[in-house]
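J.: Sending over upload_35.tsv (TSV, C-alpha atoms and all ligand atoms).
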```
chain	number	residue	atom	x	y	z
A	512	MET	CA	-29.41	65.31	-98.65
A	513	PRO	CA	-27.95	67.85	-101.11
A	514	GLN	CA	-24.55	69.11	-100.00
A	515	ILE	CA	-23.81	72.83	-99.90
A	516	THR	CA	-20.31	73.69	-101.14
A	517	LEU	CA	-18.62	76.94	-101.99
A	518	LEU	CA	-17.96	77.24	-105.72
A	519	SER	CA	-14.35	77.43	-106.88
A	520	GLN	CA	-13.00	80.92	-107.61
A	521	GLU	CA	-12.77	79.99	-111.28
A	522	THR	CA	-16.46	79.08	-111.41
A	523	ILE	CA	-17.41	82.20	-109.48
A	524	ASP	CA	-15.42	84.33	-111.94
A	525	LYS	CA	-17.05	82.71	-114.96
A	526	ILE	CA	-20.55	83.17	-113.56
A	527	ALA	CA	-19.86	86.79	-112.67
A	528	ALA	CA	-18.31	87.42	-116.09
A	529	GLY	CA	-21.59	86.42	-117.71
A	530	GLU	CA	-23.29	89.48	-116.26
A	531	VAL	CA	-20.90	91.91	-117.89
A	532	VAL	CA	-19.81	90.04	-121.01
A	533	GLU	CA	-22.69	88.69	-123.00
A	534	ARG	CA	-21.22	88.96	-126.48
A	535	PRO	CA	-18.30	90.57	-128.38
A	536	SER	CA	-20.03	93.96	-128.38
A	537	SER	CA	-19.97	93.93	-124.55
A	538	VAL	CA	-16.18	93.61	-124.69
A	539	VAL	CA	-15.97	96.55	-127.08
A	540	LYS	CA	-18.28	98.64	-124.93
A	541	GLU	CA	-16.31	98.06	-121.74
A	542	LEU	CA	-12.90	98.61	-123.31
A	543	VAL	CA	-13.91	101.73	-125.22
A	544	GLU	CA	-15.48	103.17	-122.07
A	545	ASN	CA	-12.21	102.53	-120.26
A	546	ALA	CA	-10.37	104.35	-123.05
A	547	ILE	CA	-12.71	107.33	-122.71
A	548	ASP	CA	-12.27	107.32	-118.93
A	549	ALA	CA	-8.50	107.32	-119.56
A	550	ARG	CA	-9.05	110.63	-121.45
A	551	ALA	CA	-8.09	109.24	-124.82
A	552	THR	CA	-8.62	111.56	-127.79
A	553	ALA	CA	-8.31	108.77	-130.36
A	554	VAL	CA	-9.64	105.23	-130.12
A	555	THR	CA	-9.27	102.50	-132.73
A	556	VAL	CA	-11.43	99.39	-132.63
A	557	GLU	CA	-10.43	96.50	-134.84
A	558	ILE	CA	-12.38	93.25	-135.08
A	559	LYS	CA	-12.21	90.00	-136.98
A	560	GLU	CA	-15.13	87.62	-137.47
A	561	GLY	CA	-17.58	89.87	-135.69
A	562	GLY	CA	-15.25	90.14	-132.70
A	563	THR	CA	-15.67	86.45	-131.83
A	564	THR	CA	-12.01	85.59	-132.46
A	565	PHE	CA	-10.29	88.99	-132.30
A	566	VAL	CA	-10.95	92.42	-130.84
A	567	ARG	CA	-8.20	95.04	-130.58
A	568	ILE	CA	-8.79	98.41	-128.95
A	569	THR	CA	-6.05	101.00	-129.01
A	570	ASP	CA	-6.18	104.31	-127.19
A	571	ASN	CA	-3.85	107.23	-126.55
A	572	GLY	CA	-5.05	107.71	-122.98
A	573	CYS	CA	-3.19	107.84	-119.68
A	574	GLY	CA	-2.02	104.19	-119.66
A	575	ILE	CA	-1.61	101.95	-116.61
A	576	GLU	CA	1.46	101.97	-114.38
A	577	ARG	CA	3.50	98.80	-114.51
A	578	GLU	CA	2.93	97.66	-110.94
A	579	GLN	CA	-0.81	98.34	-111.23
A	580	VAL	CA	-1.40	96.13	-114.25
A	581	PRO	CA	-2.14	92.81	-112.45
A	582	LEU	CA	-4.37	94.71	-110.01
A	583	ALA	CA	-6.52	96.05	-112.83
A	584	PHE	CA	-7.57	92.46	-113.63
A	585	LEU	CA	-8.79	91.67	-110.13
A	586	ARG	CA	-12.51	91.72	-109.50
A	587	HIS	CA	-13.77	94.93	-107.89
A	588	SER	CA	-10.54	96.79	-108.50
A	589	THR	CA	-10.97	100.28	-109.85
A	590	SER	CA	-9.22	103.63	-109.84
A	591	LYS	CA	-12.54	105.46	-110.25
A	592	ILE	CA	-14.29	105.25	-106.89
A	593	LYS	CA	-13.11	104.66	-103.35
A	594	SER	CA	-16.28	104.36	-101.31
A	595	VAL	CA	-20.02	103.93	-101.57
A	596	GLU	CA	-20.50	107.70	-101.17
A	597	ASP	CA	-18.69	108.18	-104.47
A	598	LEU	CA	-21.59	106.40	-106.17
A	599	LEU	CA	-23.60	109.58	-105.68
A	600	CYS	CA	-21.40	111.55	-107.99
A	601	ILE	CA	-20.16	109.29	-110.74
A	602	HIS	CA	-18.39	111.23	-113.47
A	603	SER	CA	-16.63	108.29	-115.10
A	604	LEU	CA	-18.25	105.66	-117.32
A	605	GLY	CA	-16.82	102.79	-115.27
A	606	PHE	CA	-16.74	102.39	-111.50
A	607	ARG	CA	-17.57	98.76	-110.68
A	608	GLY	CA	-14.13	97.36	-111.42
A	609	GLU	CA	-15.60	94.30	-113.10
A	610	ALA	CA	-14.89	94.60	-116.79
A	611	LEU	CA	-11.27	93.55	-117.06
A	612	SER	CA	-11.65	90.63	-114.64
A	613	SER	CA	-14.79	89.48	-116.45
A	614	ILE	CA	-13.26	89.70	-119.91
A	615	ALA	CA	-10.09	87.95	-118.76
A	616	ALA	CA	-12.16	85.12	-117.21
A	617	VAL	CA	-13.69	84.13	-120.54
A	618	SER	CA	-11.07	84.95	-123.18
A	619	GLN	CA	-7.37	85.30	-123.94
A	620	VAL	CA	-6.27	88.86	-123.25
A	621	GLU	CA	-3.08	90.66	-124.21
A	622	LEU	CA	-2.49	94.13	-122.83
A	623	ILE	CA	0.19	96.59	-123.86
A	624	THR	CA	0.26	99.83	-121.92
A	625	LYS	CA	2.51	102.77	-121.12
A	626	THR	CA	1.93	105.92	-119.14
A	627	TYR	CA	3.23	109.31	-120.34
A	628	SER	CA	5.79	109.49	-117.57
A	629	ASP	CA	7.22	105.96	-117.84
A	630	LEU	CA	10.02	105.27	-120.27
A	631	THR	CA	8.99	101.70	-120.98
A	632	GLY	CA	5.67	99.91	-121.11
A	633	THR	CA	4.21	96.59	-120.01
A	634	ARG	CA	2.99	93.60	-121.98
A	635	TYR	CA	0.69	91.43	-119.90
A	636	VAL	CA	-1.03	88.23	-121.01
A	637	ILE	CA	-3.88	86.65	-119.10
A	638	GLU	CA	-6.04	83.74	-120.22
A	639	GLY	CA	-9.06	82.36	-118.39
A	640	SER	CA	-8.10	84.50	-115.35
A	641	ARG	CA	-4.58	82.99	-115.32
A	642	GLU	CA	-1.57	85.25	-115.70
A	643	MET	CA	0.59	83.89	-118.54
A	644	SER	CA	3.29	86.57	-118.77
A	645	ASN	CA	4.23	90.04	-117.57
A	646	ASP	CA	7.10	91.74	-119.38
A	647	GLU	CA	8.65	95.16	-119.74
A	648	ILE	CA	8.60	96.32	-123.37
A	649	GLY	CA	8.90	99.43	-125.51
A	650	ALA	CA	5.44	100.82	-126.32
A	651	PRO	CA	3.76	104.05	-127.38
A	652	ASP	CA	1.88	106.11	-124.77
A	653	GLY	CA	-1.57	104.68	-124.15
A	654	THR	CA	-3.17	101.28	-124.00
A	655	THR	CA	-3.92	98.42	-126.38
A	656	PHE	CA	-6.12	95.49	-125.43
A	657	ILE	CA	-6.35	92.41	-127.63
A	658	VAL	CA	-9.12	89.99	-126.75
A	659	ARG	CA	-8.96	86.65	-128.55
A	660	ASN	CA	-11.39	83.74	-128.71
A	661	LEU	CA	-14.17	85.01	-126.50
A	662	PHE	CA	-15.87	82.21	-124.52
A	663	TYR	CA	-13.19	79.68	-125.54
A	664	ASN	CA	-13.56	78.16	-122.06
A	665	THR	CA	-17.32	78.57	-121.68
A	666	PRO	CA	-18.84	76.58	-124.56
A	667	ALA	CA	-22.39	77.07	-123.28
A	668	ARG	CA	-21.99	80.83	-123.74
A	669	LYS	CA	-20.31	80.49	-127.07
A	670	LYS	CA	-23.24	78.50	-128.40
A	671	PHE	CA	-25.50	81.50	-127.92
A	672	LEU	CA	-23.46	83.80	-130.14
A	673	LYS	CA	-25.04	84.70	-133.45
A	674	THR	CA	-23.24	84.68	-136.80
A	675	ALA	CA	-20.06	86.73	-137.19
A	676	GLN	CA	-22.02	89.06	-139.46
A	677	THR	CA	-24.67	89.74	-136.81
A	678	GLU	CA	-22.18	90.13	-133.95
A	679	GLY	CA	-20.20	92.53	-136.18
A	680	ASN	CA	-23.35	94.55	-136.80
A	681	TYR	CA	-23.97	94.88	-133.06
A	682	ILE	CA	-20.44	96.24	-132.68
A	683	SER	CA	-20.76	98.63	-135.58
A	684	ASP	CA	-24.03	99.98	-134.15
A	685	LEU	CA	-22.46	100.35	-130.72
A	686	ILE	CA	-19.43	102.21	-132.08
A	687	GLU	CA	-21.70	104.68	-133.83
A	688	ARG	CA	-23.36	105.36	-130.49
A	689	LEU	CA	-20.03	105.60	-128.65
A	690	ALA	CA	-18.75	108.03	-131.29
A	691	LEU	CA	-21.92	110.11	-130.91
A	692	SER	CA	-21.51	110.02	-127.12
A	693	HIS	CA	-18.10	111.67	-127.37
A	694	PRO	CA	-17.86	113.98	-130.38
A	695	ASP	CA	-14.50	115.17	-129.02
A	696	VAL	CA	-12.91	111.72	-129.50
A	697	SER	CA	-11.79	110.45	-132.89
A	698	PHE	CA	-13.05	106.89	-133.47
A	699	LYS	CA	-11.79	104.46	-136.06
A	700	PHE	CA	-13.52	101.16	-136.68
A	701	ILE	CA	-11.93	98.40	-138.75
A	702	SER	CA	-13.65	95.09	-139.47
A	703	ASN	CA	-11.80	92.24	-141.21
A	704	GLY	CA	-9.14	94.69	-142.40
A	705	GLN	CA	-11.60	97.23	-143.85
A	706	THR	CA	-12.05	100.69	-142.34
A	707	LYS	CA	-15.79	101.08	-141.76
A	708	MET	CA	-15.84	104.39	-139.92
A	709	HIS	CA	-13.41	107.15	-139.00
A	710	THR	CA	-14.69	110.20	-137.17
A	711	SER	CA	-12.70	113.40	-136.79
A	712	GLY	CA	-13.20	114.11	-133.10
A	713	ASN	CA	-13.82	117.78	-133.97
A	714	SER	CA	-16.63	118.05	-131.37
A	715	ASN	CA	-19.30	118.90	-133.93
A	716	GLU	CA	-22.42	116.76	-133.36
A	717	LYS	CA	-23.95	117.60	-136.72
A	718	ASP	CA	-20.81	116.54	-138.61
A	719	LEU	CA	-20.96	113.25	-136.73
A	720	ILE	CA	-24.60	112.67	-137.59
A	721	TYR	CA	-23.78	113.40	-141.23
A	722	HIS	CA	-20.86	110.97	-141.10
A	723	ILE	CA	-22.96	108.21	-139.55
A	724	TYR	CA	-26.44	108.68	-140.99
A	725	GLY	CA	-25.81	110.56	-144.24
A	726	ARG	CA	-27.16	113.60	-146.03
A	727	ASP	CA	-30.91	112.94	-146.06
A	728	ILE	CA	-31.13	112.55	-142.31
A	729	THR	CA	-28.90	115.55	-141.67
A	730	ALA	CA	-31.11	117.68	-143.89
A	731	ALA	CA	-34.17	116.78	-141.81
A	732	LEU	CA	-32.93	117.67	-138.34
A	733	LEU	CA	-34.52	120.07	-135.88
A	734	PRO	CA	-32.21	121.42	-133.18
A	735	VAL	CA	-33.08	120.89	-129.53
A	736	CYS	CA	-31.66	123.08	-126.81
A	737	ALA	CA	-33.43	123.49	-123.49
A	738	GLU	CA	-32.68	124.08	-119.87
A	739	THR	CA	-35.08	122.80	-117.22
A	740	GLU	CA	-34.74	122.59	-113.46
A	741	TYR	CA	-34.02	118.84	-113.76
A	742	PHE	CA	-31.73	118.64	-116.76
A	743	SER	CA	-30.40	120.49	-119.72
A	744	VAL	CA	-30.67	118.87	-123.12
A	745	LYS	CA	-29.23	119.61	-126.52
A	746	GLY	CA	-29.01	117.74	-129.77
A	747	PHE	CA	-31.40	117.02	-132.62
A	748	VAL	CA	-34.69	115.36	-133.40
A	749	GLY	CA	-35.70	114.34	-136.89
A	750	LYS	CA	-38.65	115.70	-138.79
A	751	PRO	CA	-41.44	113.10	-138.71
A	752	MET	CA	-40.76	112.02	-142.29
A	753	ILE	CA	-37.51	110.28	-141.28
A	754	SER	CA	-39.20	107.89	-138.88
A	755	ARG	CA	-38.44	104.20	-138.60
A	756	GLY	CA	-40.29	101.02	-137.69
A	757	ASN	CA	-38.06	100.42	-134.64
A	758	ARG	CA	-36.10	102.41	-132.06
A	759	SER	CA	-32.72	102.09	-133.78
A	760	TYR	CA	-32.82	105.82	-134.67
A	761	GLU	CA	-33.16	106.93	-131.05
A	762	SER	CA	-29.97	107.72	-129.12
A	763	TYR	CA	-29.87	109.08	-125.59
A	764	PHE	CA	-26.76	110.19	-123.72
A	765	ILE	CA	-26.67	111.29	-120.13
A	766	ASN	CA	-23.53	112.94	-118.84
A	767	GLY	CA	-21.56	111.35	-121.70
A	768	ARG	CA	-22.97	107.85	-121.22
A	769	TYR	CA	-24.95	106.09	-123.94
A	770	ILE	CA	-28.02	104.66	-122.24
A	771	LYS	CA	-31.34	103.06	-123.03
A	772	SER	CA	-34.30	104.40	-121.16
A	773	ALA	CA	-37.92	103.41	-121.65
A	774	LEU	CA	-38.90	106.63	-119.90
A	775	LEU	CA	-36.98	108.95	-122.23
A	776	SER	CA	-38.12	107.02	-125.31
A	777	LYS	CA	-41.74	107.19	-124.20
A	778	ALA	CA	-41.55	110.94	-123.56
A	779	VAL	CA	-40.07	111.63	-127.00
A	780	GLU	CA	-42.42	109.24	-128.81
A	781	GLU	CA	-45.47	110.72	-127.09
A	782	ALA	CA	-44.36	114.18	-128.21
A	783	TYR	CA	-44.53	112.95	-131.82
A	784	LYS	CA	-48.13	111.77	-131.39
A	785	GLY	CA	-50.20	113.27	-134.18
A	786	PHE	CA	-47.12	113.92	-136.31
A	787	MET	CA	-46.23	110.33	-136.96
A	788	MET	CA	-48.02	107.11	-137.90
A	789	GLN	CA	-48.53	104.48	-135.27
A	790	HIS	CA	-45.68	101.99	-134.85
A	791	GLN	CA	-43.20	104.49	-136.25
A	792	TYR	CA	-40.35	105.81	-134.14
A	793	PRO	CA	-38.56	109.12	-134.47
A	794	PHE	CA	-34.94	109.97	-135.10
A	795	CYS	CA	-33.22	111.66	-132.19
A	796	VAL	CA	-29.75	112.25	-130.81
A	797	LEU	CA	-30.15	113.88	-127.42
A	798	TYR	CA	-27.46	114.86	-124.96
A	799	PHE	CA	-28.59	115.36	-121.39
A	800	THR	CA	-26.64	116.96	-118.61
A	801	MET	CA	-28.03	116.08	-115.23
A	802	ASP	CA	-27.03	116.44	-111.63
A	803	THR	CA	-25.36	113.10	-110.77
A	804	GLU	CA	-27.24	113.03	-107.48
A	805	LEU	CA	-30.54	112.73	-109.36
A	806	LEU	CA	-29.34	109.62	-111.15
A	807	ASP	CA	-28.59	106.06	-110.18
A	808	VAL	CA	-26.35	104.44	-112.77
A	809	ASN	CA	-25.63	101.47	-110.56
A	810	VAL	CA	-28.74	99.51	-111.58
A	811	HIS	CA	-27.21	96.84	-113.76
A	812	PRO	CA	-23.65	95.60	-114.39
A	813	THR	CA	-23.69	96.90	-117.97
A	814	LYS	CA	-24.78	100.38	-116.77
A	815	MET	CA	-27.01	100.76	-119.83
A	816	GLU	CA	-30.06	101.28	-117.65
A	817	LEU	CA	-30.41	103.93	-115.04
A	818	ARG	CA	-32.91	105.32	-112.61
A	819	PHE	CA	-34.02	108.89	-112.16
A	820	SER	CA	-34.97	110.05	-108.72
A	821	ASN	CA	-37.84	112.04	-110.25
A	822	ASN	CA	-39.29	110.08	-113.16
A	823	GLU	CA	-42.42	112.13	-113.60
A	824	GLU	CA	-40.76	115.53	-113.83
A	825	VAL	CA	-38.12	114.25	-116.24
A	826	TYR	CA	-40.84	112.72	-118.42
A	827	ARG	CA	-42.98	115.84	-118.40
A	828	LYS	CA	-40.15	118.25	-119.11
A	829	LEU	CA	-38.76	116.19	-121.95
A	830	TYR	CA	-42.18	115.67	-123.50
A	831	GLN	CA	-42.80	119.42	-123.39
A	832	THR	CA	-39.36	120.27	-124.78
A	833	ILE	CA	-39.77	118.00	-127.81
A	834	ARG	CA	-43.40	119.01	-128.32
A	835	ASP	CA	-42.30	122.67	-128.39
A	836	VAL	CA	-39.66	121.88	-131.01
A	837	LEU	CA	-42.16	120.03	-133.18
A	838	THR	CA	-44.89	122.62	-132.91
A	839	HIS	CA	-42.59	125.59	-133.42
A	840	LYS	CA	-44.21	128.04	-135.81
A	841	GLU	CA	-41.63	127.46	-138.53
A	842	PHE	CA	-42.45	123.81	-138.50
A	843	ILE	CA	-46.14	123.11	-138.70
A	844	PRO	CA	-46.87	120.05	-140.79
A	845	ALA	CA	-49.29	120.72	-143.65
A	846	VAL	CA	-51.55	117.83	-142.71
A	847	PRO	CA	-51.13	116.24	-139.28
A	848	VAL	CA	-51.20	112.46	-139.52
A	849	GLU	CA	-54.36	110.83	-138.19
A	850	GLU	CA	-53.83	108.38	-135.36
A	901	LIG	P1	-13.69	100.23	-113.99
A	901	LIG	O1	-13.71	100.82	-115.35
A	901	LIG	O2	-15.05	100.03	-113.43
A	901	LIG	O3	-12.79	100.98	-113.04
A	901	LIG	P2	-12.35	97.97	-115.24
A	901	LIG	O4	-12.27	96.54	-114.87
A	901	LIG	O5	-12.99	98.31	-116.54
A	901	LIG	O6	-13.08	98.74	-114.06
A	901	LIG	O7	-10.87	98.58	-115.24
A	901	LIG	C1	-10.09	98.49	-114.07
A	901	LIG	C2	-9.08	99.64	-114.00
A	901	LIG	O8	-8.09	99.46	-115.01
A	901	LIG	C3	-9.69	101.01	-114.25
A	901	LIG	O9	-10.23	101.56	-113.08
A	901	LIG	C4	-8.47	101.79	-114.77
A	901	LIG	O10	-7.71	102.30	-113.68
A	901	LIG	C5	-7.64	100.73	-115.46
A	901	LIG	N1	-7.82	100.78	-116.93
A	901	LIG	C6	-8.61	99.95	-117.67
A	901	LIG	N2	-8.56	100.26	-118.98
A	901	LIG	C7	-7.73	101.32	-119.09
A	901	LIG	C8	-7.26	102.11	-120.21
A	901	LIG	N3	-7.64	101.87	-121.47
A	901	LIG	N4	-6.39	103.12	-119.94
A	901	LIG	C9	-5.99	103.37	-118.66
A	901	LIG	N5	-6.39	102.66	-117.58
A	901	LIG	C10	-7.25	101.65	-117.79
A	902	MG	MG	-14.38	99.85	-117.06
```
For the file at hand, write its structure as structure tokens.

T.:
Amino acid sequence: MPQITLLSQETIDKIAAGEVVERPSSVVKELVENAIDARATAVTVEIKEGGTTFVRITDNGCGIEREQVPLAFLRHSTSKIKSVEDLLCIHSLGFRGEALSSIAAVSQVELITKTYSDLTGTRYVIEGSREMSNDEIGAPDGTTFIVRNLFYNTPARKKFLKTAQTEGNYISDLIERLALSHPDVSFKFISNGQTKMHTSGNSNEKDLIYHIYGRDITAALLPVCAETEYFSVKGFVGKPMISRGNRSYESYFINGRYIKSALLSKAVEEAYKGFMMQHQYPFCVLYFTMDTELLDVNVHPTKMELRFSNNEEVYRKLYQTIRDVLTHKEFIPAVPVEE
């Protein structure tokens, strides 16, 4: 008969880590979101070899108190919620307390952190969930995480990574979205020693779009600004001529979180029907503000998906909003495209 045994903590940690950390870009996403939650105004992301061997994220946020540092690496430890009721009104990007423990289970992590009020900081090293050192050191205010050799102890995972070039591209794409999600934060991205992006953090969405997508796109934007009973939305959609063959030009942010939503994409794409060829997708950068009680962000460990409590109304209102923008009298296409 097969024997039932409880898995070792190490195995449990590695399995759980797989849900949060799929590739280097997942590490970047989690650590940058932590930086934003720590109210950083400047975040630097540095990678080598597509993030497979080296990721360093530096922020000027609130830092972690010395005695709290080991706690932060425990599974389900978080400073962001206290009870299940808090899930109804999530205002932070994180809340599951899984990222640091997951990352530390499958890589070699070095953390340097100092709070504003402490005189000295902490350097903490943890590898494969094992604490290697914990020292008091001089450090600037804020937090730096260095993540080396992702999946060094989980070869099966490592095998599924793509080339350094491709992994680096995922990260670069993600950082663009994270920068767009928080126009008030200055982001710097360095890959293999070269600065690839540096945003000002001046809170201007259009400047950011210019910085990331260039002049031609910026010249073809239509502003969106609407208030409905379910959400308010602002941002930009592109004129139909700047369409693309995939969804990489669509960005949706809800309450400061970059998300992917089939529902929102469908509503926007439907609104373009008649303006755009089939199998083309529009450009959009849309910022939604929504009552947290109408949202469930706790659908998946990566928190990229979410549920609305009222799908149909959200769909309808967004469709109508975008349709109104596209059919505005100052913007009637000379010849609508045939389906
Ligand atoms: P979560 O973000 O869901 O709370 P994490 O595992 O990502 O869980 O982080 C655990 C805790 O560590 C956070 O709740 C926060 O208190 C602290 N922390 C992590 N990163 C930072 C950071 N860059 N600056 C300040 N505190 C941080
Ligand atoms: Mg987090």

J.: Closest to ligand MG 902 (chain A) among A:Ala650, A:Ile770, A:Pro812, A:Leu685, using all atoms listed in the file?

T.: A:Pro812

J.: Would you compute the distance between atom CA of Phe786 of chain A and atom CA of Ala731 of chain A? Give it in Å to one decimal.

T.: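 So the two atoms, atom CA of Phe786 of chain A and atom CA of Ala731 of chain A, lie 14.4 Å apart.
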
J.: Within 7 Å of ligand LIG 901 (chain A), counting only C-alpha atoms and all ligand atoms, which protein or nucleic acid residues do you find, written as a list of chain:residue names?

T.: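 So the residues close to ligand LIG 901 (chain A) are A:Glu541, A:Leu542, A:Asn545, A:Ala546, A:Ala549, A:Asp570, A:Gly572, A:Cys573, A:Gly574, A:Ile575, A:Ala583, A:Phe584, A:Ser588, A:Thr589, A:Ser590, A:Lys591, A:Leu604, A:Gly605, A:Phe606, A:Arg607, A:Gly608, A:Glu609, A:Ala610, A:Leu611, A:Ser612, A:Gly653, A:Thr654.
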
J.: Could you save those same residues with C-alpha atoms as a short mmCIF file (atom, residue, chain, number, x, y, z; two decimals), keeping the file's coordinate frame?

T.:
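Contents of again-v6.cif, as written:
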```cif
data_model
loop_
_atom_site.label_atom_id
_atom_site.label_comp_id
_atom_site.auth_asym_id
_atom_site.auth_seq_id
_atom_site.Cartn_x
_atom_site.Cartn_y
_atom_site.Cartn_z
CA GLU A 541 -16.31 98.06 -121.74
CA LEU A 542 -12.90 98.61 -123.31
CA ASN A 545 -12.21 102.53 -120.26
CA ALA A 546 -10.37 104.35 -123.05
CA ALA A 549 -8.50 107.32 -119.56
CA ASP A 570 -6.18 104.31 -127.19
CA GLY A 572 -5.05 107.71 -122.98
CA CYS A 573 -3.19 107.84 -119.68
CA GLY A 574 -2.02 104.19 -119.66
CA ILE A 575 -1.61 101.95 -116.61
CA ALA A 583 -6.52 96.05 -112.83
CA PHE A 584 -7.57 92.46 -113.63
CA SER A 588 -10.54 96.79 -108.50
CA THR A 589 -10.97 100.28 -109.85
CA SER A 590 -9.22 103.63 -109.84
CA LYS A 591 -12.54 105.46 -110.25
CA LEU A 604 -18.25 105.66 -117.32
CA GLY A 605 -16.82 102.79 -115.27
CA PHE A 606 -16.74 102.39 -111.50
CA ARG A 607 -17.57 98.76 -110.68
CA GLY A 608 -14.13 97.36 -111.42
CA GLU A 609 -15.60 94.30 -113.10
CA ALA A 610 -14.89 94.60 -116.79
CA LEU A 611 -11.27 93.55 -117.06
CA SER A 612 -11.65 90.63 -114.64
CA GLY A 653 -1.57 104.68 -124.15
CA THR A 654 -3.17 101.28 -124.00
#
```

J.: Would you please work out which residue, of A:Glu530, A:Asp548, A:Glu521, A:Glu780, is nearest to ligand MG 902 (chain A) when using all atoms listed in the file?

T.: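 Ranked by minimum distance to ligand MG 902 (chain A), first place goes to A:Asp548.
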
J.: Atom CA of Leu829 of chain A to atom CA of His790 of chain A: how many Å, to one decimal?

T.: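 About the pair atom CA of Leu829 of chain A and atom CA of His790 of chain A: they are 20.4 Å apart.
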
J.: Rank A:Thr813, A:Asn660, A:Thr516, A:Thr555 by their smallest atom-to-atom distance to Ser697 of chain A, using only C-alpha atoms, and report the top residue only.

T.: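 Nearest candidate to Ser697 of chain A out of A:Thr813, A:Asn660, A:Thr516, A:Thr555: A:Thr555.
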
J.: Give as a count of residues only each residue that has an atom at most 12 Å from (-2.0, 84.6, -119.2) in the file, counting only C-alpha atoms.

T.: 25

J.: At a cut-off of 9 Å, using only C-alpha atoms, what residues contact segment 705-707 of chain A? Leave out same-chain residues fewer than 3 positions from it and give the result as a PyMOL selection string.

T.: chain A and resi 557+683+699-702

J.: What's the 6 Å shell around Lys745 of chain A, counting only C-alpha atoms, without same-chain residues fewer than 3 positions away, as an MDAnalysis selection string?

T.: chainID A and resid 735:736 797:798

J.: Might you pull out every residue within 8 Å of His602 of chain A, with only C-alpha atoms counted and same-chain residues fewer than 2 positions away left off, and present them as a list in words?

T.: Cys600, Leu604, Asn766 and Thr803 of chain A

J.: Quick one: distance from atom CA of Asp802 of chain A to atom CA of Ala737 of chain A in Å, one decimal?

T.: 15.2 Å

J.: Counting only C-alpha atoms and all ligand atoms, figure out which residue out of A:Tyr769, A:Phe742, A:Gly561, A:Lys814 gets nearest to ligand MG 902 (chain A).

T.: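 Using only C-alpha atoms and all ligand atoms, ligand MG 902 (chain A) sits closest to A:Lys814.
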
J.: Between A:Val539, A:Ile515, A:Ile623, A:Cys795, which has the minimum distance to ligand MG 902 (chain A) (counting only C-alpha atoms and all ligand atoms)?

T.: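 Of A:Val539, A:Ile515, A:Ile623, A:Cys795, the one nearest ligand MG 902 (chain A), counting only C-alpha atoms and all ligand atoms, is A:Val539.
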
J.: Can you pull out every residue within 10 Å of Val538 of chain A, counting all atoms listed in the file, but drop anything in the same chain fewer than 3 positions away, and send it as an MDAnalysis selection string?

T.: chainID A and resid 531:535 541:544 562 566 568 610:611 613:614 658 661 682

J.: Find the spatial neighbours of Ala773 of chain A, counting all atoms listed in the file, within a cut-off of 12 Å - ignore same-chain residues fewer than 3 positions away - and output them as a ChimeraX atom specification.

T.: /A:758,761-763,770,776-781,815-819,822,826

J.: Between A:Asn703, A:Thr674, A:Asn821, A:Asn757, which is the closest to Glu740 of chain A once you count only C-alpha atoms?

T.: A:Asn821

J.: Please extract segment 552-562 of chain A and write it out with N, CA and C atoms, as a PDB file, in the first residue's frame.

T.:
```
ATOM      1  N   THR A 552       9.988  56.564  -3.136  1.00  0.00           N
ATOM      2  CA  THR A 552       9.766  57.506  -4.235  1.00  0.00           C
ATOM      3  C   THR A 552      10.763  57.254  -5.359  1.00  0.00           C
ATOM      4  N   ALA A 553      11.763  56.409  -5.084  1.00  0.00           N
ATOM      5  CA  ALA A 553      12.733  56.040  -6.122  1.00  0.00           C
ATOM      6  C   ALA A 553      13.077  54.568  -5.979  1.00  0.00           C
ATOM      7  N   VAL A 554      13.013  53.857  -7.097  1.00  0.00           N
ATOM      8  CA  VAL A 554      13.301  52.419  -7.092  1.00  0.00           C
ATOM      9  C   VAL A 554      14.265  52.119  -8.235  1.00  0.00           C
ATOM     10  N   THR A 555      15.358  51.429  -7.918  1.00  0.00           N
ATOM     11  CA  THR A 555      16.295  51.030  -8.965  1.00  0.00           C
ATOM     12  C   THR A 555      16.306  49.511  -9.086  1.00  0.00           C
ATOM     13  N   VAL A 556      16.147  49.039 -10.305  1.00  0.00           N
ATOM     14  CA  VAL A 556      16.187  47.595 -10.568  1.00  0.00           C
ATOM     15  C   VAL A 556      17.388  47.327 -11.451  1.00  0.00           C
ATOM     16  N   GLU A 557      18.254  46.433 -10.978  1.00  0.00           N
ATOM     17  CA  GLU A 557      19.456  46.123 -11.732  1.00  0.00           C
ATOM     18  C   GLU A 557      19.480  44.621 -11.964  1.00  0.00           C
ATOM     19  N   ILE A 558      19.688  44.181 -13.201  1.00  0.00           N
ATOM     20  CA  ILE A 558      19.749  42.742 -13.445  1.00  0.00           C
ATOM     21  C   ILE A 558      20.983  42.377 -14.250  1.00  0.00           C
ATOM     22  N   LYS A 559      21.396  41.135 -14.092  1.00  0.00           N
ATOM     23  CA  LYS A 559      22.435  40.586 -14.968  1.00  0.00           C
ATOM     24  C   LYS A 559      21.892  39.298 -15.546  1.00  0.00           C
ATOM     25  N   GLU A 560      22.252  39.015 -16.768  1.00  0.00           N
ATOM     26  CA  GLU A 560      21.817  37.786 -17.460  1.00  0.00           C
ATOM     27  C   GLU A 560      20.319  37.546 -17.314  1.00  0.00           C
ATOM     28  N   GLY A 561      19.567  38.555 -17.645  1.00  0.00           N
ATOM     29  CA  GLY A 561      18.106  38.424 -17.627  1.00  0.00           C
ATOM     30  C   GLY A 561      17.539  38.183 -16.236  1.00  0.00           C
ATOM     31  N   GLY A 562      18.338  38.476 -15.215  1.00  0.00           N
ATOM     32  CA  GLY A 562      17.847  38.288 -13.841  1.00  0.00           C
ATOM     33  C   GLY A 562      18.045  36.868 -13.328  1.00  0.00           C
TER      34      GLY A 562
END
```
